[in-house]
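Shown here: input38.txt, compact mmCIF, C-alpha atoms and all ligand atoms.
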# COMPACT_ATOMS: atom_id res chain seq x y z
CA MET U 3 18.82 -13.09 5.93
CA PRO U 4 15.36 -11.51 6.06
CA ILE U 5 12.82 -13.48 8.13
CA THR U 6 9.94 -14.62 5.92
CA THR U 7 6.68 -16.42 6.65
CA THR U 8 8.36 -19.55 5.25
CA LYS U 9 11.17 -19.16 7.79
CA LEU U 10 8.65 -18.82 10.65
CA MET U 11 6.94 -22.03 9.46
CA ASP U 12 10.36 -23.77 9.42
CA MET U 13 11.03 -22.53 12.95
CA LYS U 14 7.73 -23.99 14.13
CA ARG U 15 8.46 -27.33 12.48
CA ASN U 16 11.92 -27.42 14.11
CA GLN U 17 10.48 -26.38 17.49
CA GLN U 18 12.48 -23.15 17.57
CA LYS U 19 10.53 -20.50 19.46
CA ILE U 20 9.68 -17.24 17.69
CA ALA U 21 10.46 -14.06 19.67
CA SER U 22 8.68 -10.85 18.75
CA LEU U 23 8.09 -7.37 20.10
CA THR U 24 6.05 -4.34 19.21
CA ALA U 25 7.99 -1.36 17.80
CA TYR U 26 6.80 2.09 16.83
CA ASP U 27 9.93 3.96 15.74
CA ALA U 28 13.19 3.51 13.81
CA SER U 29 15.55 3.58 16.81
CA PHE U 30 13.89 0.79 18.76
CA ALA U 31 13.26 -1.19 15.58
CA ALA U 32 17.00 -1.11 14.81
CA LEU U 33 17.89 -2.06 18.39
CA PHE U 34 15.44 -5.02 18.45
CA ASP U 35 16.56 -6.17 15.00
CA LYS U 36 20.23 -6.10 16.02
CA ALA U 37 19.35 -8.17 19.11
CA GLY U 38 17.95 -10.82 16.75
CA ILE U 39 14.20 -10.39 17.11
CA ASP U 40 12.27 -12.51 14.59
CA MET U 41 9.25 -10.28 14.08
CA LEU U 42 8.28 -6.66 14.77
CA LEU U 43 4.66 -5.56 15.14
CA VAL U 44 3.53 -1.98 14.67
CA GLY U 45 0.66 -2.53 17.08
CA ASP U 46 -2.43 -0.42 17.57
CA SER U 47 -1.35 -0.62 21.23
CA LEU U 48 0.39 2.63 20.19
CA GLY U 49 -2.94 4.31 20.97
CA MET U 50 -2.35 3.42 24.62
CA VAL U 51 1.44 3.47 25.09
CA LEU U 52 2.28 6.37 22.72
CA GLN U 53 -0.91 8.43 22.55
CA GLY U 54 -2.16 7.92 26.12
CA HIS U 55 -5.67 6.69 25.30
CA ASP U 56 -7.25 4.03 27.51
CA SER U 57 -8.08 1.79 24.53
CA THR U 58 -6.88 1.10 20.97
CA ILE U 59 -10.12 2.35 19.42
CA PRO U 60 -9.00 5.93 18.50
CA VAL U 61 -6.08 4.63 16.37
CA THR U 62 -6.32 5.36 12.61
CA ILE U 63 -4.80 3.75 9.53
CA GLU U 64 -2.73 6.95 9.08
CA ASN U 65 -1.30 6.51 12.60
CA ILE U 66 -0.24 2.91 11.84
CA ALA U 67 1.15 3.86 8.41
CA TYR U 68 3.26 6.68 9.91
CA HIS U 69 4.82 4.41 12.55
CA THR U 70 5.25 1.56 10.04
CA GLN U 71 7.34 3.86 7.82
CA ALA U 72 9.57 4.71 10.77
CA VAL U 73 9.94 1.07 11.88
CA ALA U 74 10.68 -0.03 8.31
CA ARG U 75 13.59 2.46 8.12
CA GLY U 76 15.15 1.08 11.32
CA ASN U 77 14.45 -2.59 10.69
CA GLY U 78 16.91 -5.01 9.12
CA ASN U 79 15.79 -8.63 8.93
CA ALA U 80 12.75 -8.95 11.18
CA LEU U 81 9.37 -9.72 9.61
CA LEU U 82 7.44 -6.43 9.78
CA VAL U 83 3.75 -6.83 10.66
CA ALA U 84 1.31 -3.90 10.98
CA ASP U 85 -2.04 -3.86 12.79
CA MET U 86 -5.24 -3.09 10.91
CA PRO U 87 -6.85 -0.69 13.43
CA PHE U 88 -10.44 -0.42 14.65
CA MET U 89 -13.02 -0.23 11.80
CA SER U 90 -10.39 -0.40 9.04
CA THR U 91 -12.13 -3.44 7.47
CA PRO U 92 -15.77 -2.27 7.08
CA THR U 93 -16.04 -3.41 3.44
CA LEU U 94 -13.84 -5.59 1.25
CA GLU U 95 -12.99 -2.58 -0.92
CA GLN U 96 -11.85 -0.46 2.04
CA THR U 97 -10.03 -3.41 3.62
CA LEU U 98 -7.94 -3.80 0.46
CA GLN U 99 -7.23 -0.06 0.27
CA ASN U 100 -6.21 0.12 3.94
CA ALA U 101 -4.02 -2.98 3.69
CA ALA U 102 -2.37 -1.46 0.60
CA THR U 103 -1.61 1.71 2.60
CA LEU U 104 0.20 -0.35 5.25
CA MET U 105 2.08 -2.47 2.68
CA ARG U 106 3.22 0.69 0.87
CA ALA U 107 4.38 2.05 4.24
CA GLY U 108 6.69 -0.98 4.57
CA ALA U 109 4.62 -3.69 6.25
CA GLN U 110 5.23 -7.26 5.06
CA MET U 111 2.04 -8.64 6.62
CA VAL U 112 -1.11 -7.16 8.15
CA LYS U 113 -2.77 -8.34 11.36
CA ILE U 114 -6.56 -8.35 11.77
CA GLU U 115 -8.54 -9.00 14.94
CA GLY U 116 -11.34 -11.53 14.51
CA GLY U 117 -12.27 -15.08 13.68
CA ALA U 118 -13.80 -17.35 11.08
CA TRP U 119 -16.02 -14.57 9.72
CA LEU U 120 -12.80 -13.06 8.27
CA CYS U 121 -12.30 -15.98 5.85
CA GLU U 122 -13.48 -14.07 2.77
CA THR U 123 -11.40 -11.06 3.77
CA ILE U 124 -8.31 -13.24 4.27
CA GLN U 125 -8.78 -14.92 0.88
CA ALA U 126 -9.19 -11.57 -0.86
CA LEU U 127 -6.06 -10.13 0.76
CA VAL U 128 -3.87 -13.18 0.14
CA ARG U 129 -4.99 -13.38 -3.51
CA ARG U 130 -3.88 -9.77 -3.88
CA ALA U 131 -0.48 -10.54 -2.31
CA VAL U 132 -1.09 -9.27 1.22
CA PRO U 133 -0.02 -11.84 3.86
CA VAL U 134 -2.42 -12.02 6.80
CA CYS U 135 -2.02 -12.66 10.53
CA VAL U 136 -5.24 -13.21 12.50
CA HIS U 137 -5.46 -12.05 16.15
CA MET U 138 -7.82 -14.16 18.34
CA GLY U 139 -8.74 -14.41 22.01
CA LEU U 140 -8.73 -11.06 23.82
CA THR U 141 -9.02 -8.80 20.80
CA PRO U 142 -8.60 -5.33 22.37
CA GLN U 143 -10.64 -3.53 19.68
CA SER U 144 -13.67 -5.44 21.07
CA VAL U 145 -13.12 -4.19 24.65
CA ASN U 146 -16.56 -2.55 24.70
CA VAL U 147 -18.23 -5.76 23.54
CA PHE U 148 -16.32 -7.88 26.07
CA GLY U 149 -16.99 -5.35 28.88
CA GLY U 150 -13.31 -5.08 29.79
CA TYR U 151 -9.94 -6.68 29.14
CA LYS U 152 -10.93 -10.22 30.16
CA VAL U 153 -9.38 -13.62 29.55
CA GLN U 154 -11.16 -15.39 26.66
CA GLY U 155 -11.74 -19.06 25.83
CA ARG U 156 -12.26 -20.24 29.41
CA SER U 157 -15.14 -22.73 28.92
CA GLU U 158 -14.88 -26.04 27.08
CA ALA U 159 -17.32 -24.73 24.46
CA ASP U 160 -15.33 -21.50 23.93
CA MET U 161 -12.11 -23.53 23.56
CA ALA U 162 -13.63 -25.83 20.93
CA GLU U 163 -15.06 -22.80 19.12
CA MET U 164 -11.70 -20.97 19.00
CA LEU U 165 -9.94 -24.13 17.74
CA ASN U 166 -12.48 -24.45 14.92
CA GLN U 167 -12.21 -20.78 14.00
CA ALA U 168 -8.40 -20.96 14.00
CA LYS U 169 -8.48 -23.95 11.64
CA ALA U 170 -10.89 -22.05 9.38
CA VAL U 171 -8.66 -18.97 9.08
CA GLU U 172 -5.62 -21.17 8.41
CA GLN U 173 -7.63 -22.90 5.67
CA ALA U 174 -8.57 -19.48 4.25
CA GLY U 175 -4.88 -18.59 3.89
CA ALA U 176 -3.83 -16.85 7.11
CA GLN U 177 -0.09 -17.41 7.62
CA LEU U 178 0.20 -16.50 11.29
CA LEU U 179 -2.02 -16.45 14.38
CA VAL U 180 -1.69 -14.21 17.43
CA ALA U 181 -3.51 -15.55 20.50
CA GLU U 182 -4.01 -13.14 23.40
CA CYS U 183 -5.11 -13.76 27.00
CA ILE U 184 -6.34 -17.35 26.86
CA PRO U 185 -5.72 -20.34 29.15
CA ALA U 186 -2.32 -21.99 28.56
CA GLN U 187 -4.10 -25.23 27.74
CA LEU U 188 -5.86 -23.55 24.79
CA GLY U 189 -2.61 -21.87 23.64
CA LYS U 190 -1.02 -25.33 23.49
CA ALA U 191 -4.02 -26.90 21.72
CA LEU U 192 -4.06 -24.12 19.08
CA SER U 193 -0.32 -24.54 18.38
CA GLN U 194 -0.71 -28.31 18.02
CA ALA U 195 -3.82 -28.07 15.82
CA LEU U 196 -2.36 -25.60 13.30
CA THR U 197 0.46 -25.80 10.76
CA ILE U 198 0.96 -22.01 10.84
CA PRO U 199 2.83 -20.54 13.84
CA VAL U 200 0.84 -19.37 16.88
CA ILE U 201 2.37 -16.36 18.65
CA GLY U 202 1.06 -15.98 22.19
CA ILE U 203 0.68 -13.07 24.57
CA GLY U 204 -0.79 -14.31 27.82
CA ALA U 205 -1.37 -17.70 26.15
CA GLY U 206 1.16 -19.77 28.09
CA VAL U 207 4.62 -21.11 27.29
CA ASP U 208 3.57 -23.81 24.80
CA THR U 209 2.74 -21.55 21.83
CA ASP U 210 5.17 -21.42 18.89
CA GLY U 211 6.35 -17.96 19.91
CA GLN U 212 5.73 -14.96 22.14
CA ILE U 213 5.02 -11.27 21.63
CA LEU U 214 5.20 -8.45 24.17
CA VAL U 215 4.48 -4.73 24.06
CA MET U 216 7.93 -3.08 24.23
CA HIS U 217 6.85 -0.63 26.96
CA ASP U 218 5.94 -3.58 29.22
CA LEU U 219 9.37 -5.20 28.64
CA LEU U 220 11.03 -1.89 29.58
CA GLY U 221 8.80 -1.31 32.61
CA ILE U 222 7.63 2.11 31.42
CA THR U 223 3.93 1.27 31.03
CA GLN U 224 1.67 3.56 33.07
CA GLY U 225 -1.03 2.06 35.27
CA GLN U 226 -1.89 -1.59 35.78
CA LEU U 227 0.39 -4.06 33.97
CA PRO U 228 -1.38 -7.07 32.41
CA LYS U 229 -0.59 -10.28 34.32
CA PHE U 230 1.32 -11.72 31.33
CA ALA U 231 3.71 -8.77 31.02
CA LYS U 232 7.22 -8.77 32.48
CA ASN U 233 9.69 -5.96 33.06
CA PHE U 234 12.97 -7.39 31.70
CA LEU U 235 14.87 -4.13 32.29
CA ALA U 236 14.52 -4.61 36.07
CA GLN U 237 17.12 -7.41 35.98
CA SER U 238 19.31 -5.87 33.25
CA ASN U 239 21.82 -3.03 33.04
CA SER U 240 20.75 -1.68 29.66
CA ILE U 241 17.94 -1.78 27.14
CA PRO U 242 19.89 -4.01 24.70
CA GLU U 243 20.59 -6.44 27.56
CA ALA U 244 16.89 -6.51 28.54
CA VAL U 245 15.89 -7.26 24.94
CA THR U 246 18.52 -10.01 24.62
CA ARG U 247 17.30 -11.51 27.92
CA TYR U 248 13.71 -11.51 26.64
CA ILE U 249 14.69 -13.21 23.36
CA THR U 250 16.84 -15.79 25.19
CA ASP U 251 14.12 -16.55 27.76
CA VAL U 252 11.54 -17.03 24.98
CA ARG U 253 13.88 -19.31 22.97
CA ARG U 254 14.64 -21.43 26.05
CA GLY U 255 10.99 -21.66 27.08
CA LEU U 256 11.66 -19.79 30.34
CA PHE U 257 9.19 -16.99 29.53
CA PRO U 258 6.31 -16.89 30.25
CA SER U 259 6.53 -18.68 33.60
CA GLU U 260 3.61 -19.72 35.82
CA GLN U 261 3.11 -16.21 37.24
CA HIS U 262 2.57 -14.76 33.73
CA THR U 263 0.11 -17.49 32.70
CA PHE U 264 -3.68 -17.97 32.80
CA SER U 265 -4.81 -21.51 33.56
N1 LIG H 301 1.05 -1.81 27.64
C1 LIG H 301 0.22 -2.59 26.95
N2 LIG H 301 0.42 -3.92 26.97
C2 LIG H 301 -0.42 -4.74 26.26
O1 LIG H 301 -0.20 -5.98 26.28
C3 LIG H 301 -1.49 -4.16 25.52
C4 LIG H 301 -1.62 -2.76 25.52
N3 LIG H 301 -0.77 -2.00 26.25
N4 LIG H 301 -2.59 -2.13 24.79
C5 LIG H 301 -3.35 -2.91 23.83
C6 LIG H 301 -3.65 -4.23 24.36
C7 LIG H 301 -4.55 -4.22 25.57
N5 LIG H 301 -4.11 -5.40 26.25
C8 LIG H 301 -4.53 -5.81 27.52
C9 LIG H 301 -4.88 -4.89 28.48
C10 LIG H 301 -5.24 -5.30 29.75
C11 LIG H 301 -5.29 -6.65 30.06
C12 LIG H 301 -5.68 -7.09 31.43
O2 LIG H 301 -5.68 -6.30 32.34
N6 LIG H 301 -6.00 -8.38 31.60
C13 LIG H 301 -6.31 -8.93 32.92
C14 LIG H 301 -7.13 -10.20 32.76
C15 LIG H 301 -8.26 -10.26 33.75
C16 LIG H 301 -8.96 -11.59 33.72
O3 LIG H 301 -8.50 -12.48 34.49
O4 LIG H 301 -9.94 -11.79 32.96
C17 LIG H 301 -5.01 -9.25 33.66
O5 LIG H 301 -5.03 -9.41 34.86
O6 LIG H 301 -3.97 -9.38 32.98
C18 LIG H 301 -4.96 -7.58 29.08
C19 LIG H 301 -4.57 -7.16 27.81
C20 LIG H 301 -3.03 -6.03 25.56
N7 LIG H 301 -2.43 -4.93 24.82
C1 LIG H 302 -0.31 -6.94 21.85
C2 LIG H 302 -0.16 -7.12 20.37
C3 LIG H 302 -0.45 -8.51 19.95
C4 LIG H 302 -0.98 -6.11 19.61
O1 LIG H 302 -1.92 -6.41 18.93
C5 LIG H 302 -0.62 -4.70 19.75
O2 LIG H 302 0.47 -4.37 20.27
O3 LIG H 302 -1.41 -3.86 19.30
MG MG H 303 -3.09 -4.74 18.34
Translate the structure of the given file into structure tokens.
Amino acid sequence: MPITTTKLMDMKRNQQKIASLTAYDASFAALFDKAGIDMLLVGDSLGMVLQGHDSTIPVTIENIAYHTQAVARGNGNALLVADMPFMSTPTLEQTLQNAATLMRAGAQMVKIEGGAWLCETIQALVRRAVPVCVHMGLTPQSVNVFGGYKVQGRSEADMAEMLNQAKAVEQAGAQLLVAECIPAQLGKALSQALTIPVIGIGAGVDTDGQILVMHDLLGITQGQLPKFAKNFLAQSNSIPEAVTRYITDVRRGLFPSEQHTFS
């Protein structure tokens, strides 16, 4: 049975953890889907792990559409989400066109980095039948504004602000939230405050689900690994076994552990 946004909401209500991974091609998409992954993300992280850039900023809508087509061919039941890349939402008109390009490529939902200022954008997309996931916390497209890949939402004021913004985007019609690189305490508070599922990456173990960049899971990422990432292939004999281990550890609440968590 295909995983839908309704199914993810049911999983949250029943306290079943959502396990997701990035995927960029048909072969890995098929492998992850067969292992039982709930959601696949064609992430703009492809700019770093596939193209070799040191940020996600050079990634274009054509890049995401190309990889989304490939992932869609390999995928079976997983919910297929595609990233809206840097500067793909400059005006409402262009946002709608770019989202349409990704939906035609096979995406079932688009993910946009930002906060409460996206409310109009979210409403416009949802009214035109494009499901929306909002990405908050460390939003990598803002690396040059943040001055590096830094944990977000550390102060009491920042935590309260992110909670308010998350409630606003849920109210506007967002059906999923990705929270990246925030204290575990805030990851937990977000998940409790919202009805829609919160998928964490470096947001602690108490979010409704987890997502990881596939290259990090396989231990083939070049350079410094983010603190939240874990090489699951190191303790496995094959790629399918590593993926199954990841999914099982997420479902059982064993990943992320303390060492992969910001407090
Ligand atoms: N391989 C890979 N994994 C990812 O998770 C990922 C990408 N690439 N590319 C796109 C973005 C960039 N991401 C990143 C990149 C670096 C850090 C990082 O180094 N964070 C520091 C936090 C430092 C602090 O304490 O403020 C860390 O130690 O993890 C985090 C997220 C997440 N995404
Ligand atoms: C790390 C995830 C959430 C992402 O946005 C990406 O892979 O681009
Ligand atoms: Mg991304």
Give the centre and edge lengths of an axis-aligned box, in Å to one decimal, that holds all listed atoms of range 215-234 of chain U with 5 Å on each side, as JSON.
{"center_x": 5.5, "center_y": -4.1, "center_z": 29.9, "size_x": 24.9, "size_y": 25.3, "size_z": 21.7}
Compile a residue-level contact table for chain U against ligand LIG 302 (chain H) at a cut-off of 6 Å, reporting for every qualifying residue the shortest atom pair and its distance in Å to one decimal, with only C-alpha atoms and all ligand atoms counted, rows ordered by chain and ascending number, as CSV.
residue,atom,partner,partner_atom,distance
U:Thr24,CA,H:LIG302,O2,5.7
U:Gly45,CA,H:LIG302,O3,3.3
U:Asp46,CA,H:LIG302,O3,4.0
U:Ser47,CA,H:LIG302,O3,3.8
U:Val215,CA,H:LIG302,O2,5.5
Output file for the residues above (C-alpha atoms, as an mmCIF file, in the coordinates of the input):
data_model
loop_
_atom_site.group_PDB
_atom_site.id
_atom_site.type_symbol
_atom_site.label_atom_id
_atom_site.label_comp_id
_atom_site.auth_asym_id
_atom_site.auth_seq_id
_atom_site.Cartn_x
_atom_site.Cartn_y
_atom_site.Cartn_z
ATOM 1 C CA THR U 24 6.050 -4.340 19.210
ATOM 2 C CA GLY U 45 0.660 -2.530 17.080
ATOM 3 C CA ASP U 46 -2.430 -0.420 17.570
ATOM 4 C CA SER U 47 -1.350 -0.620 21.230
ATOM 5 C CA VAL U 215 4.480 -4.730 24.060
#
I want to know what sits within 10 Å of range 201-204 of chain U, based on only C-alpha atoms, with residues of the same chain fewer than 4 positions away left out; could you give that as number ranges by chain? U: 19-22, 135, 137-140, 153, 178-186, 189-190, 193, 208-215, 228-231, 258, 262-264
Pick out the residues sitting within 8 Å of Thr70 in chain U, and hand them over as a list of chain:residue names; count only C-alpha atoms, and ignore anything fewer than 4 positions along from it in its own chain.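 The neighbour list is U:Tyr26, U:Asp27, U:Val44, U:Ile66, U:Ala74, U:Ala84, U:Leu104, U:Ala107, U:Gly108, U:Ala109.
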Expressed in Å to a single decimal, how great is the separation between CA of Thr91 in chain U and CA of Val136 in chain U?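 That distance, rounded to one decimal, is 13.0 Å.
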Give the answer as one residue: which of U:Phe88, U:Tyr151, U:Phe257, U:Phe234 has the shortest atom-to-atom distance to ligand MG 303 (chain H), using only C-alpha atoms and all ligand atoms? U:Phe88
Restricting the calculation to only C-alpha atoms and all ligand atoms: of U:Glu172, U:Glu115, U:Glu95, U:Glu122, which residue gets closest to ligand MG 303 (chain H)? U:Glu115
Can you measure CA of Leu42 in chain U to CA of Leu82 in chain U for me? One decimal in Å is fine.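 Separation of CA of Leu42 in chain U and CA of Leu82 in chain U: 5.1 Å.
Rounded to one decimal, CA of Leu196 in chain U and CA of Gly175 in chain U lie 12.0 Å from each other.
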For ligand LIG 301 (chain H), the closest of U:Ile63, U:Val171, U:Ala25, U:Met216 counting all atoms listed in the file is U:Met216
Between U:Asn233, U:Thr246, U:Ser144, U:Gln17, which one has atoms that come closest to Gly38 in chain U, using only C-alpha atoms? U:Thr246
Using all atoms listed in the file, which of the listed residues (U:Glu243, U:Lys14, U:Ile114, U:Lys9) sits closest to Thr197 in chain U? U:Lys14
Ranking U:Asp35, U:Asp218, U:Asp40, U:Asp160 by minimum distance to ligand LIG 301 (chain H) and counting all atoms listed in the file, which one comes first?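 Among the listed residues, the smallest separation from ligand LIG 301 (chain H) belongs to U:Asp218.
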